[in-house]
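J.: Below is the file data_32.tsv, which contains TSV, C-alpha atoms and all ligand atoms.
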```
chain	number	residue	atom	x	y	z
Y	837	MET	CA	-9.12	0.00	-26.08
Y	838	LYS	CA	-12.02	-1.73	-24.36
Y	839	ASN	CA	-9.74	-3.90	-22.24
Y	840	GLU	CA	-7.73	-0.89	-21.10
Y	841	LEU	CA	-10.96	0.91	-20.20
Y	842	ILE	CA	-12.23	-2.07	-18.20
Y	843	ASN	CA	-8.91	-2.34	-16.40
Y	844	TYR	CA	-8.95	1.38	-15.62
Y	845	CYS	CA	-12.48	1.15	-14.22
Y	846	LEU	CA	-11.35	-1.76	-12.05
Y	847	ARG	CA	-8.55	0.41	-10.67
Y	848	LEU	CA	-11.03	3.10	-9.65
Y	849	GLY	CA	-13.85	0.78	-8.57
Y	850	ASP	CA	-11.68	-1.67	-6.61
Y	851	SER	CA	-9.97	1.12	-4.68
Y	852	SER	CA	-13.40	2.40	-3.59
Y	853	LEU	CA	-14.77	-1.04	-2.76
Y	854	ILE	CA	-11.79	-2.24	-0.75
Y	855	LEU	CA	-11.41	0.95	1.28
Y	856	GLY	CA	-15.20	0.92	1.79
Y	857	GLN	CA	-14.95	-2.64	3.13
Y	858	ARG	CA	-12.14	-1.65	5.51
Y	859	LEU	CA	-14.14	1.31	6.84
Y	860	ALA	CA	-17.20	-0.92	7.24
Y	861	GLU	CA	-15.12	-3.07	9.62
Y	862	TRP	CA	-15.40	-0.15	12.05
Y	863	CYS	CA	-19.16	-0.65	12.26
Y	864	SER	CA	-20.14	-0.85	15.96
Y	865	LYS	CA	-16.46	-0.48	16.96
Y	866	GLY	CA	-15.96	3.28	16.42
Y	867	PRO	CA	-14.24	5.20	19.22
Y	868	MET	CA	-17.50	7.10	19.77
Y	869	LEU	CA	-20.98	7.02	18.32
Y	870	GLU	CA	-20.49	9.98	15.96
Y	871	GLU	CA	-17.32	8.47	14.52
Y	872	ASP	CA	-18.89	5.06	14.16
Y	873	ILE	CA	-21.58	6.70	12.06
Y	874	ALA	CA	-19.12	8.87	10.14
Y	875	LEU	CA	-16.83	5.98	9.13
Y	876	THR	CA	-19.71	3.78	8.03
Y	877	ASN	CA	-21.40	6.68	6.17
Y	878	ILE	CA	-18.17	7.20	4.25
Y	879	SER	CA	-17.94	3.46	3.65
Y	880	LEU	CA	-21.40	3.55	2.04
Y	881	ASP	CA	-20.29	6.37	-0.26
Y	882	PHE	CA	-17.38	4.21	-1.39
Y	883	PHE	CA	-19.66	1.22	-2.06
Y	884	GLY	CA	-21.96	3.44	-4.11
Y	885	GLN	CA	-19.03	4.76	-6.11
Y	886	SER	CA	-17.74	1.28	-6.89
Y	887	ARG	CA	-21.22	0.13	-7.97
Y	888	MET	CA	-21.35	2.87	-10.58
Y	889	LEU	CA	-18.13	1.55	-12.16
Y	890	TYR	CA	-18.91	-2.14	-11.75
Y	891	SER	CA	-22.22	-1.69	-13.59
Y	892	TYR	CA	-20.28	0.01	-16.37
Y	893	ILE	CA	-17.73	-2.84	-16.45
Y	894	ALA	CA	-20.54	-5.41	-16.59
Y	895	GLU	CA	-22.06	-3.50	-19.49
Y	896	LEU	CA	-18.71	-3.33	-21.32
Y	897	LYS	CA	-18.04	-7.02	-20.77
Y	898	GLY	CA	-21.55	-8.12	-21.65
Y	899	GLY	CA	-22.75	-11.69	-21.16
Y	900	ASP	CA	-23.71	-12.76	-17.67
Y	901	GLU	CA	-21.55	-10.21	-15.88
Y	902	THR	CA	-23.29	-8.04	-13.30
Y	903	GLU	CA	-21.96	-5.55	-10.78
Y	904	ASP	CA	-22.13	-8.39	-8.22
Y	905	THR	CA	-20.09	-10.87	-10.24
Y	906	VAL	CA	-17.48	-8.16	-10.76
Y	907	ALA	CA	-17.27	-7.52	-7.02
Y	908	PHE	CA	-17.59	-11.05	-5.67
Y	909	ARG	CA	-16.16	-13.48	-8.24
Y	910	ARG	CA	-12.62	-12.26	-8.68
Y	911	ASN	CA	-9.49	-13.37	-6.83
Y	912	GLU	CA	-6.79	-11.15	-5.39
Y	913	ARG	CA	-4.61	-11.19	-8.49
Y	914	GLU	CA	-7.58	-9.77	-10.42
Y	915	PHE	CA	-8.04	-6.81	-8.08
Y	916	TYR	CA	-6.47	-3.47	-8.94
Y	917	ASN	CA	-7.14	-1.44	-5.80
Y	918	ILE	CA	-4.41	0.81	-4.45
Y	919	LEU	CA	-2.29	-0.78	-1.70
Y	920	LEU	CA	-3.35	1.80	0.87
Y	921	ALA	CA	-6.99	0.68	0.59
Y	922	GLU	CA	-6.19	-2.84	1.83
Y	923	ARG	CA	-3.98	-1.76	4.77
Y	924	PRO	CA	-5.54	-3.02	7.99
Y	925	ASN	CA	-7.52	-0.54	10.10
Y	926	GLY	CA	-5.01	-0.53	12.95
Y	927	HIS	CA	-6.00	2.02	15.58
Y	928	PHE	CA	-8.20	5.02	14.86
Y	929	GLY	CA	-5.19	7.19	13.96
Y	930	ASP	CA	-4.00	4.63	11.39
Y	931	THR	CA	-7.46	4.57	9.81
Y	932	ILE	CA	-7.63	8.37	9.72
Y	933	VAL	CA	-4.20	8.76	8.14
Y	934	ARG	CA	-4.96	6.09	5.54
Y	935	SER	CA	-8.21	7.91	4.67
Y	936	PHE	CA	-6.48	11.29	4.66
Y	937	PHE	CA	-3.91	10.15	2.08
Y	938	VAL	CA	-6.59	8.59	-0.12
Y	939	ASP	CA	-9.18	11.38	0.28
Y	940	ALA	CA	-6.66	14.06	-0.72
Y	941	PHE	CA	-5.74	11.95	-3.76
Y	942	ASN	CA	-9.39	11.35	-4.72
Y	943	PHE	CA	-10.20	15.03	-4.29
Y	944	HIS	CA	-7.56	16.26	-6.73
Y	945	HIS	CA	-7.93	13.28	-9.06
Y	946	TYR	CA	-11.71	13.54	-9.47
Y	947	SER	CA	-11.56	17.34	-9.78
Y	948	LYS	CA	-9.76	16.70	-13.07
Y	949	LEU	CA	-11.38	13.39	-14.01
Y	950	LYS	CA	-14.82	14.99	-14.17
Y	951	GLU	CA	-13.71	16.42	-17.52
Y	952	SER	CA	-13.04	12.90	-18.87
Y	953	LYS	CA	-14.16	12.27	-22.45
Y	954	ASP	CA	-15.80	9.04	-21.29
Y	955	SER	CA	-19.24	10.17	-20.12
Y	956	VAL	CA	-19.68	7.42	-17.51
Y	957	ILE	CA	-16.28	8.09	-15.94
Y	958	ALA	CA	-16.96	11.83	-16.00
Y	959	ALA	CA	-20.32	11.29	-14.27
Y	960	PHE	CA	-18.67	8.99	-11.73
Y	961	ALA	CA	-16.04	11.63	-10.93
Y	962	GLU	CA	-18.56	14.47	-10.74
Y	963	LYS	CA	-20.80	12.52	-8.38
Y	964	SER	CA	-17.98	11.14	-6.25
Y	965	LEU	CA	-16.25	14.50	-5.89
Y	966	LYS	CA	-19.22	15.94	-3.99
Y	967	GLU	CA	-18.87	13.15	-1.44
Y	968	VAL	CA	-15.07	13.23	-1.35
Y	969	VAL	CA	-15.16	16.85	-0.22
Y	970	TYR	CA	-16.88	15.67	2.97
Y	971	HIS	CA	-14.48	12.75	3.35
Y	972	LEU	CA	-11.41	14.95	3.02
Y	973	ARG	CA	-12.73	17.48	5.48
Y	974	HIS	CA	-13.46	14.70	7.98
Y	975	SER	CA	-10.04	13.04	7.74
Y	976	SER	CA	-8.08	16.33	7.60
Y	977	GLU	CA	-9.79	17.69	10.69
Y	978	TRP	CA	-8.96	14.53	12.59
Y	979	VAL	CA	-5.31	14.60	11.49
Y	980	ILE	CA	-5.07	18.15	12.84
Y	981	ARG	CA	-6.98	17.32	16.03
Y	982	LEU	CA	-4.79	14.31	16.78
Y	983	GLY	CA	-1.57	16.07	15.78
Y	984	ASP	CA	-2.32	19.15	17.82
Y	985	GLY	CA	-3.92	17.15	20.63
Y	986	THR	CA	-2.13	15.38	23.47
Y	987	GLU	CA	1.42	14.14	23.51
Y	988	GLU	CA	0.16	10.61	23.04
Y	989	SER	CA	-2.20	11.37	20.15
Y	990	LYS	CA	0.57	13.32	18.41
Y	991	LEU	CA	3.05	10.48	18.78
Y	992	LYS	CA	0.53	7.93	17.54
Y	993	VAL	CA	-0.62	9.86	14.49
Y	994	GLN	CA	2.95	10.81	13.55
Y	995	THR	CA	3.84	7.10	13.69
Y	996	SER	CA	0.84	6.29	11.49
Y	997	LEU	CA	1.96	8.91	8.97
Y	998	ASN	CA	5.50	7.55	8.89
Y	999	GLU	CA	4.38	3.96	8.53
Y	1000	LEU	CA	1.77	4.48	5.84
Y	1001	TRP	CA	3.87	6.94	3.84
Y	1002	SER	CA	5.67	4.25	1.84
Y	1003	TYR	CA	2.32	3.12	0.38
Y	1004	THR	CA	1.41	6.55	-1.02
Y	1005	GLY	CA	3.61	6.34	-4.12
Y	1006	ASP	CA	1.55	3.39	-5.34
Y	1007	MET	CA	-1.53	5.61	-5.82
Y	1008	PHE	CA	0.25	7.49	-8.59
Y	1009	ASP	CA	1.43	4.40	-10.47
Y	1010	MET	CA	0.16	4.07	-14.03
Y	1011	ASN	CA	0.30	1.15	-16.48
Y	1012	ASP	CA	0.47	1.27	-20.28
Y	1013	GLY	CA	-3.31	1.20	-20.57
Y	1014	ASP	CA	-3.60	4.26	-18.32
Y	1015	HIS	CA	-1.15	6.15	-20.51
Y	1016	LEU	CA	-3.12	5.21	-23.61
Y	1017	LEU	CA	-6.39	6.36	-22.00
Y	1018	THR	CA	-4.70	9.57	-20.88
Y	1019	SER	CA	-3.69	10.37	-24.45
Y	1020	GLU	CA	-7.33	9.82	-25.44
Y	1021	GLY	CA	-8.54	12.29	-22.80
Y	1022	ILE	CA	-10.27	9.56	-20.78
Y	1023	ALA	CA	-7.84	9.12	-17.88
Y	1024	ILE	CA	-5.70	11.66	-16.03
Y	1025	ASP	CA	-1.93	11.81	-15.95
Y	1026	LEU	CA	-1.33	11.20	-12.25
Y	1027	GLU	CA	1.99	13.04	-12.35
Y	1028	GLU	CA	-0.15	16.18	-12.59
Y	1029	ILE	CA	-1.98	15.24	-9.42
Y	1030	LYS	CA	1.15	14.69	-7.36
Y	1031	PRO	CA	2.12	18.34	-6.65
Y	1032	LEU	CA	-1.51	19.17	-5.78
Y	1033	TRP	CA	-1.70	16.18	-3.45
Y	1034	ASN	CA	1.65	17.10	-1.86
Y	1035	ALA	CA	0.46	20.65	-1.22
Y	1036	THR	CA	-2.71	19.45	0.55
Y	1037	ILE	CA	-0.77	16.96	2.67
Y	1038	GLU	CA	1.82	19.56	3.63
Y	1039	SER	CA	-0.67	22.25	4.57
Y	1040	VAL	CA	-2.76	19.93	6.76
Y	1041	LEU	CA	0.28	18.43	8.50
Y	1042	LYS	CA	1.57	21.93	9.16
Y	1043	ARG	CA	-1.72	22.91	10.79
Y	1044	GLY	CA	-1.57	19.74	12.85
Y	1045	LYS	CA	2.02	20.50	13.89
Y	1046	LEU	CA	3.11	17.22	12.34
Y	1047	ASP	CA	6.19	16.39	10.32
Y	1048	LEU	CA	6.08	15.39	6.70
Y	1049	PRO	CA	7.49	11.85	6.56
Y	1050	GLU	CA	10.84	11.59	4.86
Y	1051	SER	CA	10.58	10.31	1.33
Y	1052	LYS	CA	12.39	7.09	0.78
Y	1053	TYR	CA	11.47	3.70	-0.65
Y	1054	MET	CA	7.94	3.44	-2.03
Y	1055	GLN	CA	5.97	0.20	-2.23
Y	1056	LYS	CA	4.15	-0.50	-5.45
Y	1057	GLY	CA	2.65	-3.23	-7.55
Y	1058	SER	CA	-1.11	-2.86	-7.19
Y	1059	ARG	CA	-1.47	-1.36	-10.67
Y	1060	ASN	CA	-0.43	-4.81	-11.90
Y	1061	ALA	CA	-2.61	-6.60	-9.33
Y	1062	MET	CA	0.27	-7.40	-6.97
Y	1063	HIS	CA	-0.96	-7.08	-3.41
Y	1064	SER	CA	0.06	-7.41	0.20
Y	1065	GLU	CA	-0.92	-10.43	2.27
Y	1066	TYR	CA	-3.93	-8.55	3.64
Y	1067	LEU	CA	-6.10	-8.45	0.55
Y	1068	GLY	CA	-6.80	-12.19	0.41
Y	1069	HIS	CA	-8.14	-12.22	3.95
Y	1070	LEU	CA	-10.33	-9.23	3.27
Y	1071	LEU	CA	-11.77	-10.87	0.14
Y	1072	CYS	CA	-12.46	-14.12	2.04
Y	1073	GLU	CA	-14.76	-12.29	4.36
Y	1074	MET	CA	-16.29	-9.94	1.80
Y	1075	GLN	CA	-16.98	-12.61	-0.81
Y	1076	TYR	CA	-17.97	-15.44	1.49
Y	1077	ILE	CA	-21.73	-15.42	0.90
Y	1078	GLN	CA	-21.49	-15.15	-2.89
Y	1079	ARG	CA	-18.87	-17.90	-3.01
Y	1080	ALA	CA	-20.81	-20.24	-0.74
Y	1081	TYR	CA	-24.22	-19.49	-2.25
Y	1082	PRO	CA	-23.59	-18.17	-5.78
Y	1083	ASN	CA	-26.16	-15.67	-7.05
Y	1084	SER	CA	-27.95	-15.50	-3.72
Y	1085	GLN	CA	-30.02	-12.36	-3.33
Y	1086	TRP	CA	-31.35	-10.38	-0.41
Q	25	MET	CA	-55.05	14.52	-19.01
Q	26	SER	CA	-52.18	12.76	-20.77
Q	27	LEU	CA	-50.76	9.58	-19.30
Q	28	GLU	CA	-47.47	11.32	-18.74
Q	29	LYS	CA	-49.08	14.02	-16.61
Q	30	ASN	CA	-50.96	11.38	-14.64
Q	31	ILE	CA	-47.75	9.52	-13.96
Q	32	TRP	CA	-46.17	12.66	-12.52
Q	33	LYS	CA	-49.26	13.05	-10.32
Q	34	TRP	CA	-49.04	9.44	-9.13
Q	35	LEU	CA	-45.34	9.71	-8.41
Q	36	GLU	CA	-46.24	12.42	-5.89
Q	37	LYS	CA	-47.55	9.52	-3.77
Q	38	VAL	CA	-44.20	7.71	-3.62
Q	39	PRO	CA	-42.47	8.67	-0.36
Q	40	ASP	CA	-38.78	8.87	0.33
Q	41	PRO	CA	-38.20	5.67	2.35
Q	42	GLU	CA	-35.98	7.42	4.89
Q	43	ILE	CA	-37.80	10.74	5.18
Q	44	PRO	CA	-41.39	9.70	4.45
Q	45	VAL	CA	-42.82	13.23	4.70
Q	46	LEU	CA	-41.05	13.93	1.41
Q	47	SER	CA	-42.21	12.48	-1.86
Q	48	ILE	CA	-39.60	11.52	-4.42
Q	49	LEU	CA	-40.76	14.55	-6.41
Q	50	ASP	CA	-40.11	16.89	-3.47
Q	51	LEU	CA	-36.63	15.41	-3.29
Q	52	GLY	CA	-36.05	16.01	-7.00
Q	53	VAL	CA	-34.79	12.55	-7.85
Q	54	VAL	CA	-37.18	11.95	-10.77
Q	55	ARG	CA	-35.50	13.43	-13.82
Q	56	SER	CA	-37.84	12.43	-16.63
Q	57	VAL	CA	-40.91	10.43	-17.55
Q	58	LYS	CA	-41.21	9.17	-21.12
Q	59	VAL	CA	-44.15	7.22	-22.45
Q	60	ASN	CA	-43.81	5.30	-25.70
Q	61	ASP	CA	-45.64	2.41	-27.33
Q	62	GLU	CA	-43.75	-0.39	-25.60
Q	63	GLU	CA	-42.90	0.97	-22.22
Q	64	ILE	CA	-42.79	3.76	-19.72
Q	65	LEU	CA	-39.28	4.96	-19.06
Q	66	ILE	CA	-38.56	6.82	-15.84
Q	67	GLU	CA	-35.15	8.29	-15.16
Q	68	ILE	CA	-34.09	8.82	-11.58
Q	69	THR	CA	-30.86	9.96	-9.97
Q	70	SER	CA	-29.54	8.82	-6.60
Q	71	THR	CA	-28.96	11.36	-3.86
Q	72	TYR	CA	-25.73	9.95	-2.42
Q	73	SER	CA	-24.13	7.21	-4.49
Q	74	GLY	CA	-24.27	4.62	-1.72
Q	75	CYS	CA	-27.74	5.60	-0.59
Q	76	PRO	CA	-29.61	2.35	0.15
Q	77	ALA	CA	-32.87	4.19	-0.55
Q	78	THR	CA	-32.19	4.08	-4.28
Q	79	ASP	CA	-33.25	0.45	-4.71
Q	80	VAL	CA	-36.36	1.17	-2.67
Q	81	PHE	CA	-37.22	4.15	-4.92
Q	82	ILE	CA	-37.21	1.84	-7.93
Q	83	ALA	CA	-39.38	-0.82	-6.30
Q	84	ASP	CA	-41.83	1.76	-4.90
Q	85	ILE	CA	-42.20	3.58	-8.22
Q	86	LYS	CA	-43.02	0.30	-9.93
Q	87	SER	CA	-45.53	-0.81	-7.32
Q	88	GLU	CA	-47.25	2.60	-7.24
Q	89	LEU	CA	-47.71	2.59	-11.01
Q	90	GLU	CA	-48.86	-1.02	-10.91
Q	91	LYS	CA	-51.87	0.22	-8.94
Q	92	HIS	CA	-52.82	2.05	-12.12
Q	93	ASN	CA	-52.28	-1.08	-14.23
Q	94	LEU	CA	-48.97	0.09	-15.59
Q	95	THR	CA	-46.65	-2.90	-15.57
Q	96	ASN	CA	-44.30	-2.12	-18.43
Q	97	VAL	CA	-42.34	0.39	-16.37
Q	98	LYS	CA	-38.59	0.69	-16.66
Q	99	VAL	CA	-36.72	2.75	-14.09
Q	100	GLN	CA	-33.26	3.81	-15.16
Q	101	MET	CA	-30.46	5.44	-13.17
Q	102	LYS	CA	-29.10	8.70	-14.50
Q	103	TYR	CA	-25.77	9.79	-13.03
Q	104	SER	CA	-25.15	13.05	-14.80
Q	105	PRO	CA	-25.86	15.81	-13.95
Q	106	ALA	CA	-25.29	14.67	-10.37
Q	107	TRP	CA	-28.10	15.25	-7.90
Q	108	THR	CA	-27.90	18.41	-5.85
Q	109	THR	CA	-29.92	19.60	-2.87
Q	110	ASP	CA	-30.88	22.59	-5.06
Q	111	TRP	CA	-33.36	20.22	-6.67
Q	112	ILE	CA	-35.34	19.80	-3.44
Q	113	THR	CA	-38.53	21.76	-4.09
Q	114	ASP	CA	-39.72	24.71	-1.98
Q	115	LYS	CA	-42.63	22.57	-0.84
Q	116	GLY	CA	-40.12	19.88	0.14
Q	117	ARG	CA	-38.12	22.36	2.21
Q	118	VAL	CA	-41.22	23.43	4.14
Q	119	LYS	CA	-42.14	19.78	4.79
Q	120	LEU	CA	-38.61	19.02	6.01
Q	121	LYS	CA	-38.68	21.87	8.51
Q	122	GLU	CA	-42.13	20.86	9.79
Q	123	PHE	CA	-40.81	17.35	10.25
Q	124	GLY	CA	-37.95	18.72	12.41
Q	125	ILE	CA	-35.15	18.47	9.87
Q	126	ALA	CA	-33.34	21.71	9.01
Q	127	PRO	CA	-33.42	22.11	5.22
Q	128	PRO	CA	-30.16	22.75	3.32
Q	129	VAL	CA	-28.84	26.29	3.63
Q	130	ASN	CA	-26.50	28.09	1.26
Q	131	GLU	CA	-23.17	26.73	2.36
Q	132	PRO	CA	-19.93	28.41	1.40
Q	133	ASP	CA	-17.71	26.76	-1.20
Q	134	LYS	CA	-16.80	23.39	0.25
Q	135	SER	CA	-13.83	22.84	-2.03
Q	136	ILE	CA	-11.96	25.06	0.41
Q	137	LEU	CA	-10.94	23.03	3.41
Q	138	PHE	CA	-12.02	24.49	6.75
Q	139	ALA	CA	-14.25	27.11	5.20
Q	140	LYS	CA	-15.91	29.27	7.85
Q	141	SER	CA	-18.84	27.61	9.54
Q	142	PHE	CA	-22.31	28.75	8.60
Q	143	VAL	CA	-25.59	29.12	10.42
Q	144	VAL	CA	-28.15	26.33	10.34
Q	145	PRO	CA	-31.26	27.73	12.07
Q	146	CYS	CA	-33.10	25.46	14.51
Q	147	PRO	CA	-36.19	23.94	12.85
Q	148	LYS	CA	-38.14	24.13	16.15
Q	149	CYS	CA	-37.51	27.67	17.42
Q	150	ASP	CA	-35.75	29.33	14.46
Q	151	SER	CA	-32.81	30.35	16.64
Q	152	ASP	CA	-29.51	31.02	14.90
Q	153	GLU	CA	-27.59	29.97	18.01
Q	154	THR	CA	-26.88	26.38	17.02
Q	155	HIS	CA	-23.83	24.17	16.68
Q	156	LEU	CA	-22.66	21.20	14.65
Q	157	VAL	CA	-22.47	17.96	16.65
Q	158	SER	CA	-21.37	15.68	13.82
Q	159	GLN	CA	-20.88	16.11	10.09
Q	160	PHE	CA	-22.33	12.62	9.64
Q	161	GLY	CA	-25.81	11.67	10.79
Q	162	SER	CA	-28.37	8.88	10.72
Q	163	THR	CA	-28.27	8.75	6.91
Q	164	ALA	CA	-25.68	9.82	4.35
Q	165	CYS	CA	-27.56	13.03	3.57
Q	166	LYS	CA	-27.78	14.37	7.11
Q	167	ALA	CA	-25.56	16.02	9.73
Q	168	LEU	CA	-26.33	16.36	13.45
Q	169	TYR	CA	-26.87	19.76	15.04
Q	170	GLN	CA	-28.02	21.03	18.39
Q	171	CYS	CA	-29.87	24.25	19.23
Q	172	ASP	CA	-28.25	26.34	21.98
Q	173	SER	CA	-31.49	28.22	22.63
Q	174	CYS	CA	-34.05	25.43	23.06
Q	175	GLN	CA	-31.48	22.57	23.37
Q	176	GLU	CA	-33.26	20.55	20.67
Q	177	PRO	CA	-30.94	18.08	18.88
Q	178	TYR	CA	-31.87	17.87	15.21
Q	179	ASP	CA	-30.91	16.58	11.80
Q	180	TYR	CA	-29.68	18.94	9.13
Q	181	PHE	CA	-30.13	17.99	5.48
Q	182	LYS	CA	-26.61	18.71	4.20
Q	183	CYS	CA	-26.16	20.95	1.22
Q	184	LEU	CA	-24.82	18.94	-1.72
Q	185	ARG	CA	-23.90	20.75	-4.87
Y	1101	ZN	ZN	-34.17	25.73	18.97
```
Can I see the file as structure tokens?
T.:
Amino acid sequence: MKNELINYCLRLGDSSLILGQRLAEWCSKGPMLEEDIALTNISLDFFGQSRMLYSYIAELKGGDETEDTVAFRRNEREFYNILLAERPNGHFGDTIVRSFFVDAFNFHHYSKLKESKDSVIAAFAEKSLKEVVYHLRHSSEWVIRLGDGTEESKLKVQTSLNELWSYTGDMFDMNDGDHLLTSEGIAIDLEEIKPLWNATIESVLKRGKLDLPESKYMQKGSRNAMHSEYLGHLLCEMQYIQRAYPNSQW
Amino acid sequence: MSLEKNIWKWLEKVPDPEIPVLSILDLGVVRSVKVNDEEILIEITSTYSGCPATDVFIADIKSELEKHNLTNVKVQMKYSPAWTTDWITDKGRVKLKEFGIAPPVNEPDKSILFAKSFVVPCPKCDSDETHLVSQFGSTACKALYQCDSCQEPYDYFKCLR
């Protein structure tokens, strides 16, 4: 079961790391100072969350693995982050909608995962949940503000919702290992999270006078490390220093 | 005095790198100190998981204890129970306010989205007429507020529990 556990931790840790990296790309480019700070603060939370899991993975794997080798020495087909995390930042509305979908998922997911029978995963969920509450409030408020704002902001954010919608199904995808861990009380059956997530999305969109995108085809594949063309480029930048100068330290 | 008690006393000298008026004990990040034959084991917890101060805590604890010829010090991270602002000591809260940072207040249940806003009194003039400028501030643990009475902009140490 060790391999399944490692793979599950990669799913959680990679999703945090990759979305954290995307949010960090906003550094010094935020639409206003407060938002620049907010997005990068949230990014830091995600990096911290991934570190907790990568240290655990390094411990499980043993040998020379460290949290840094886990983060910086894997290629795209070894990453298990959700597809939404790697979507490009786009404009501010795109970034907010992407975060909103993920934050609502993390909120409901970690609320249950903190009861995991694996003590490290439970501690990770308990710790992360406290931060996710702030993240979700931030992204939800912006969705409402943009939706109930000007004609232009409403049009833009509704377009972001419609375009990113097809990547949301991928968050709920589970592989055989996840099902095994769920039966052991370590992981959570994501089917249980779906109605809770839907309810949060619906209530926020309603407040923002926005339409729920129509369900149709859903992208997936990330649970088996199949990614979009964007992940490779992101990794190039993120891993550059450790690839060029292996084991370099600050 | 036992070595363990001395260590607690010495740790009082280790400041929080981002809010130096607070010691790491005021902040409540030191969870335990254990002395055994081979080593001294100190357990700490991070405030926010991505807080860059955590690595500095570890280095500063080691270098402070080195001054007392203690070199076999191991600092370990403890993730559960997760840190909460309830662990900031009363002394720490007074120091925060004197430094111009509003200490954490009892916030309503944050699991409810859009819970009613709450009052964060101004650390300079104690006015209750203040408003939130940004939920995110200069560090992960702070939000930005402004006083409507004296106009002072100030940091608020967010309640985390
Ligand atoms: Zn004032």
J.: For chain Y, list the residues within 7 Å of chain Q, counting all atoms listed in the file, and write the list as a ChimeraX atom specification.
T.: /Y:870,873-874,877,880-885,959,962-963,966,969,973
J.: In Å, rounded to a single decimal, give me how far CA of Trp1033 in chain Y is from CA of Asp954 in chain Y.
T.: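 So the answer is 23.8 Å.
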J.: Got a sec: who's within 12 Å of Trp1086 in chain Y, counting only C-alpha atoms, leaving out chain neighbours fewer than 6 positions off, as a PyMOL selection string?
T.: (chain Y and resi 1077-1078) or (chain Q and resi 79)
J.: At a cut-off of 12 Å from (-2.9, -2.1, 3.6) in the coordinates of the file, what residues are picked up using only C-alpha atoms, written as JSON, numbers by chain?
T.: {"Y": [851, 854, 855, 858, 917, 918, 919, 920, 921, 922, 923, 924, 925, 926, 930, 931, 933, 934, 935, 938, 999, 1000, 1001, 1002, 1003, 1004, 1006, 1055, 1056, 1058, 1063, 1064, 1065, 1066, 1067, 1068, 1069, 1070]}
J.: Please produce a file of the residues just selected, as a PDB file, in the frame of the given file, where the atoms kept are C-alpha atoms.
T.:
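selection.pdb, freshly written:
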```
ATOM      1  CA  SER Y 851      -9.970   1.120  -4.680  1.00  0.00           C
ATOM      2  CA  ILE Y 854     -11.790  -2.240  -0.750  1.00  0.00           C
ATOM      3  CA  LEU Y 855     -11.410   0.950   1.280  1.00  0.00           C
ATOM      4  CA  ARG Y 858     -12.140  -1.650   5.510  1.00  0.00           C
ATOM      5  CA  ASN Y 917      -7.140  -1.440  -5.800  1.00  0.00           C
ATOM      6  CA  ILE Y 918      -4.410   0.810  -4.450  1.00  0.00           C
ATOM      7  CA  LEU Y 919      -2.290  -0.780  -1.700  1.00  0.00           C
ATOM      8  CA  LEU Y 920      -3.350   1.800   0.870  1.00  0.00           C
ATOM      9  CA  ALA Y 921      -6.990   0.680   0.590  1.00  0.00           C
ATOM     10  CA  GLU Y 922      -6.190  -2.840   1.830  1.00  0.00           C
ATOM     11  CA  ARG Y 923      -3.980  -1.760   4.770  1.00  0.00           C
ATOM     12  CA  PRO Y 924      -5.540  -3.020   7.990  1.00  0.00           C
ATOM     13  CA  ASN Y 925      -7.520  -0.540  10.100  1.00  0.00           C
ATOM     14  CA  GLY Y 926      -5.010  -0.530  12.950  1.00  0.00           C
ATOM     15  CA  ASP Y 930      -4.000   4.630  11.390  1.00  0.00           C
ATOM     16  CA  THR Y 931      -7.460   4.570   9.810  1.00  0.00           C
ATOM     17  CA  VAL Y 933      -4.200   8.760   8.140  1.00  0.00           C
ATOM     18  CA  ARG Y 934      -4.960   6.090   5.540  1.00  0.00           C
ATOM     19  CA  SER Y 935      -8.210   7.910   4.670  1.00  0.00           C
ATOM     20  CA  VAL Y 938      -6.590   8.590  -0.120  1.00  0.00           C
ATOM     21  CA  GLU Y 999       4.380   3.960   8.530  1.00  0.00           C
ATOM     22  CA  LEU Y1000       1.770   4.480   5.840  1.00  0.00           C
ATOM     23  CA  TRP Y1001       3.870   6.940   3.840  1.00  0.00           C
ATOM     24  CA  SER Y1002       5.670   4.250   1.840  1.00  0.00           C
ATOM     25  CA  TYR Y1003       2.320   3.120   0.380  1.00  0.00           C
ATOM     26  CA  THR Y1004       1.410   6.550  -1.020  1.00  0.00           C
ATOM     27  CA  ASP Y1006       1.550   3.390  -5.340  1.00  0.00           C
ATOM     28  CA  GLN Y1055       5.970   0.200  -2.230  1.00  0.00           C
ATOM     29  CA  LYS Y1056       4.150  -0.500  -5.450  1.00  0.00           C
ATOM     30  CA  SER Y1058      -1.110  -2.860  -7.190  1.00  0.00           C
ATOM     31  CA  HIS Y1063      -0.960  -7.080  -3.410  1.00  0.00           C
ATOM     32  CA  SER Y1064       0.060  -7.410   0.200  1.00  0.00           C
ATOM     33  CA  GLU Y1065      -0.920 -10.430   2.270  1.00  0.00           C
ATOM     34  CA  TYR Y1066      -3.930  -8.550   3.640  1.00  0.00           C
ATOM     35  CA  LEU Y1067      -6.100  -8.450   0.550  1.00  0.00           C
ATOM     36  CA  GLY Y1068      -6.800 -12.190   0.410  1.00  0.00           C
ATOM     37  CA  HIS Y1069      -8.140 -12.220   3.950  1.00  0.00           C
ATOM     38  CA  LEU Y1070     -10.330  -9.230   3.270  1.00  0.00           C
TER      39      LEU Y1070
END
```
J.: When the cut-off is 8 Å and you count all atoms listed in the file, which residues lie near ligand ZN 1101 (chain Y), shown as a list in words?
T.: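 Counting only what the definition allows, namely all atoms listed in the file, the set is Pro145, Cys146, Pro147, Lys148, Cys149, Asp150, Ser151, Glu153, Thr154, Gln170, Cys171, Asp172, Ser173, Cys174, Gln175 and Glu176 of chain Q.
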